[in-house]
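Worksheet: one structure, shown below.
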Amino acid sequence: MVLPFCIWSQAVVFTDSSLDKAIEYDDYCHKHQPPIAFIKSEVRGLFGSVFCDFGPEFTVFDVDGEDPRTGIIASISNDNPALVACVDDERLEFQDGDLVVFSEVRGMTELTDGKPRKIKNARPYSFTIEEDTTNYTAYERGGIVTQVKEPKVLNFKTLKQALKDPGDFLLSDFSKFDRPSLLHLAFQALDKFIADLGRYPIAGSEEDAQKLLSLVTDINNSLLDGRLEEIDQKLLRNFAFGARAVLNPMAAMFGGIVGQEVVKACSGKFHPLFQFFYFDSVESLPSEPLDPDDLKPLNSRYDAQISIFGSKLQKKFEDAKVFIVGSGALGCEFLKNLALMGVCCGDGGKLTVTDDDVIEKSNLSRQFLFRDWNIGQAKSTVAASAATLINPRLHVEALQNRASPETENVFDDTFWENLSVVINALDNVTARLYIDQRCLYFQKPLLESGTLGAKCNTQMVIPHLTENYGASRDPPEKQAPMCTVHSFPHNIDHCLTWARSEFDGLLEKTPAEVNAYLSSPDEYISAMNKAGDAQARDTLERVLECLDRDRCETFQDCITWARLKFEDYFANRVKQLTFTFPEDAVTSSGAPFWSAPKRFPRPLNFSIHDFSHLQFVMAASLLRAETFGIPIPDWVHASEKLAYAVDKVIIPDFLPKKDAKIVTDEKATSLSTASIDDAAVINELVMKLERCREKLPPGYKMNPIQFEKDDDTNYHMDLIAGFANMRARNYSIPEVDKLKAKFIAGRIIPAIATSTAMATGLVCLELYKVLDGQHKLEDYRNTFANLALPLFSMAEPVPPKVIKHQDMSWTIWDRWILKDNPSLRELLQWLKNKGLNAYSISYGSCLLYNSMFPRHKDRMDRKLVDLVKDVAKAELPPYRRHFDIVVACEDDEDNDIDIPQISIYFR
């Protein structure tokens, strides 16, 4: 057999092919030298499958794609086995069986031979190694332990072999642990059905369903091992009814999975799927049985979807009113999916998408509705236009508003009340929490999802059925103390955080402060005098330094400034630090000051022969020139001429200060120290600034530089990488290349198209349930997936907490509503009828009523809206028909009862 298209391939993907043909091609790929990775995938209605065969021997070079785990050593025992304790700066992520190497250890040099050692008894901050260190040199201090990632060799079976002996199936839902075995037979039976009859089963045909069931039974009975005791006939009936349909959400999900497997085959990165994966979403089916006539095709683009969900539910999809928040990677995929599904494509439907961001070059790798010529344009507008090209019947409105409290005049009560569902496509927790609160308030379903590299998660927030998004969250990401970042870094992230901060301070914030002072000197000085604190003092010092001592008029001045900055940052500051805290310094308790995780630094000696030193000066001088509007000469890019200009700079001798104050308190939030003389110092700085301003030409202003990570020609990342790597050298921290520096300093969230496609596909399978509106809690699924491993974990959402009082119960979803503009007395009586005694009523931070205050009795017959306006001084905008109050209640036994928020409708 000759397959010319395979000869030069590393991977082939088969879809919609017969089993016989797939076996034939897979055999060829398996035997080919080198082997060709073979991937077969099918989507049949709400069922799908993937099979992978990467050859007799396939080496995975990086199983999970994660950076090697590290720990900072605090102690190592002379014992058998040796106990290694690490500092509690961060939890260790080691697992029993991991291999690790030791470096930078003072004492116990026997462990720094580069030999990998296996760990066991892994704990959050310690582990043991399988080694006797009883007679080793005693551990003194310091040291890093780093995981060694080993390649893994996998031996794949051919499709023909695996069909008979599939091994362990990759599970996605543990509540369906027996489902893959049945689907393994069902897909084989469907292939036989098509081969025998030359067509797929017809939707709604009981005869075809029985034929498929008979084929499954025959295959099962022919098995020697692994024969199923029971066959789920209802499941197979659903499988038969939808067999000829390819649904967009399923195609998106399986496209993401298969796309990632292709990348694995070509790169050897991440663990391949080994070897069968079966998935179904039968819970997405309508909650009520469908009339077979409702499944008949209508000669429309939605016939495949109608064959599964029926024409009545399709009409519901088309007339839905959907709000998509965000139109980036997730948003683009959602818009594409909804357009293909026909959601919001009917006369009564409307899709609103909002995003206040514009398209950047880096978006183009995963936000597929955008093109090169869209860079700089509004994301929502371009995405909406592209979606209407996919389906011209899509009724979409694109807005550029950030959904926030400030835009509630745009997204007002009427807007929210008319929605069918909200889909989040956001990239930050703050915005997610706000949308979550809005959905809670208006009792709207929220479909939540997110991605991080090869990982993705989905969460369904369904009114009265599930907890809300904000009910359970990961703990906030741990921030390094300010003193660590500025004086005691021990990893490259600290160096890059510091580098980004210095970039912003030198090139954006200080020039902006200069312009603010020059444009309105009196107002600016008045504000600083009013503040009168250490921060105001430091700001004025930076402005004066920029306009006086460091003001550049020629490009040589910029080179001088950059060279002096190098000396200041990477030599003088380190000399001062080690003068204040020598290598043998001890703390007040007598412990070594420079103990883990602190690393003792060494100053750098500048050399024009060190390319990285010159690169730092060049990038710094170019950007400094840009802030002052100084022309840049062509010779700056010639190393010899640049070196000559740098060599001319005279570097003054450094004299350490004996009274220098260096912040070491990890709880400190500022490096500025207040002084009783702040006001006097500020007055002196103001006078110096006035004298300096008089010397400037009329209309003088600077050009602040905003950090832009995606322009490789602007030298922003060159400077930040230079800042970080020079500092890393000071502290003997491994350096990073410009790309890794860009990743960390640019705060780039890893994003790839495969996990985005999978996440949106999973969410749209849940959207079917939401728009049907009749599903129970157990029908919904939250998902966490990691395509790198691969791992799929699906589970029912968590129900909301229920509060009970007498014969009533409520959850966080409930909001009590009083209409017809009630008075205070009417509200109290309304609560009394529920067995609740209100003793305090507040609007925002203002107390409207308290039972302990006699004068509040005079308010009893006043309308609540008047109290809000008069007492709380609230301005209720014209678009607002109600306001919310918080009421504290107790029952007749004086027990406090948490009641829902109360909304008072006054219009």
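Residues are referred to by chain and number: the chain letter is A, B, ... according to the order shown in the structure tokens, the number counts from 1 in that chain, and ligands are numbered separately from 1 in the order shown.
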**OP:** Name all residues at most 6 Å from range 713-729 of chain A (count only C-alpha atoms; drop same-chain ones fewer than 2 positions away) and give them as number ranges by chain.
**Re:** A: 495-496, 499, 616, 619, 711, 731-733, 735, 738, 741
Subject >> DSSP strand (DSSP E) selection over range 767-820 of chain A, as a list in words >> reply: Asn782, Thr783, Phe784, Ala785, Asn786, Leu791, Phe792, Ser793, Met794, Ala795, Ile803, Lys804, His805, Met808, Ser809, Trp810, Arg815, Trp816, Ile817 and Leu818 of chain A
Original post:
What lies within 8 Å of range 93-105 of chain A using only C-alpha atoms, ignoring chain neighbours under 4 positions off, as a PyMOL selection string?
Top reply: chain A and resi 69-70+109+111-124+139-149
Please provide the set of residues having any atom within 8 Å of Asn468 in chain A, restricted to only C-alpha atoms, with same-chain residues fewer than 2 positions apart removed, written as an mmCIF file with C-alpha atoms, in the first residue's frame.
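Resulting contents of out.cif:
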```cif
data_model
loop_
_atom_site.group_PDB
_atom_site.id
_atom_site.type_symbol
_atom_site.label_atom_id
_atom_site.label_comp_id
_atom_site.auth_asym_id
_atom_site.auth_seq_id
_atom_site.Cartn_x
_atom_site.Cartn_y
_atom_site.Cartn_z
ATOM 1 C CA ASP A 436 -21.706 36.891 39.233
ATOM 2 C CA LEU A 440 -27.436 36.531 41.411
ATOM 3 C CA VAL A 461 -24.190 28.939 37.851
ATOM 4 C CA ILE A 462 -27.911 28.158 37.628
ATOM 5 C CA THR A 466 -26.245 25.730 42.140
ATOM 6 C CA GLY A 470 -18.223 33.760 44.286
ATOM 7 C CA ALA A 471 -19.310 31.121 46.801
ATOM 8 C CA SER A 472 -16.025 29.233 46.460
ATOM 9 C CA PRO A 800 -26.552 26.519 47.258
#
```
Original post:
Using only C-alpha atoms, which residue out of A:Trp373, A:Tyr200, A:Phe317, A:Phe277 lies closest to Val258 in chain A?
Top reply: A:Phe277
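Proximity to Arg693 in chain A was assessed for A:Asn515, A:Ser526, A:Gln535, A:Ser311 counting only C-alpha atoms; the smallest distance is recorded for A:Asn515.
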Subject >> Selection near Leu235 in chain A, 12 Å with only C-alpha atoms, sequence-local residues under 5 positions removed, as a ChimeraX atom specification >> reply: /A:46-47,176,179-180,182-183,186,209-210,212-213,216,230,240-242,280-283,285
Residues of range 277-345 of chain A at most 6 Å from range 377-392 of chain A: nearest atom pair and distance in Å, only C-alpha atoms, as JSON lines:
```
{"residue": "A:Ser327", "atom": "CA", "partner": "A:Ser380", "partner_atom": "CA", "distance": 5.5}
{"residue": "A:Lys336", "atom": "CA", "partner": "A:Ala387", "partner_atom": "CA", "distance": 5.7}
{"residue": "A:Ala339", "atom": "CA", "partner": "A:Asn391", "partner_atom": "CA", "distance": 5.5}
```
Subject >> CA of Ala398 in chain A to CA of His882 in chain A, straight-line distance in Å >> reply: 27.5 Å
**OP:** as a PyMOL selection string, please: all residues of range 64-266 of chain A that backbone DSSP puts in alpha helix (DSSP H).
**Re:** chain A and resi 159-164+179-197+206-221+233-241+248-266
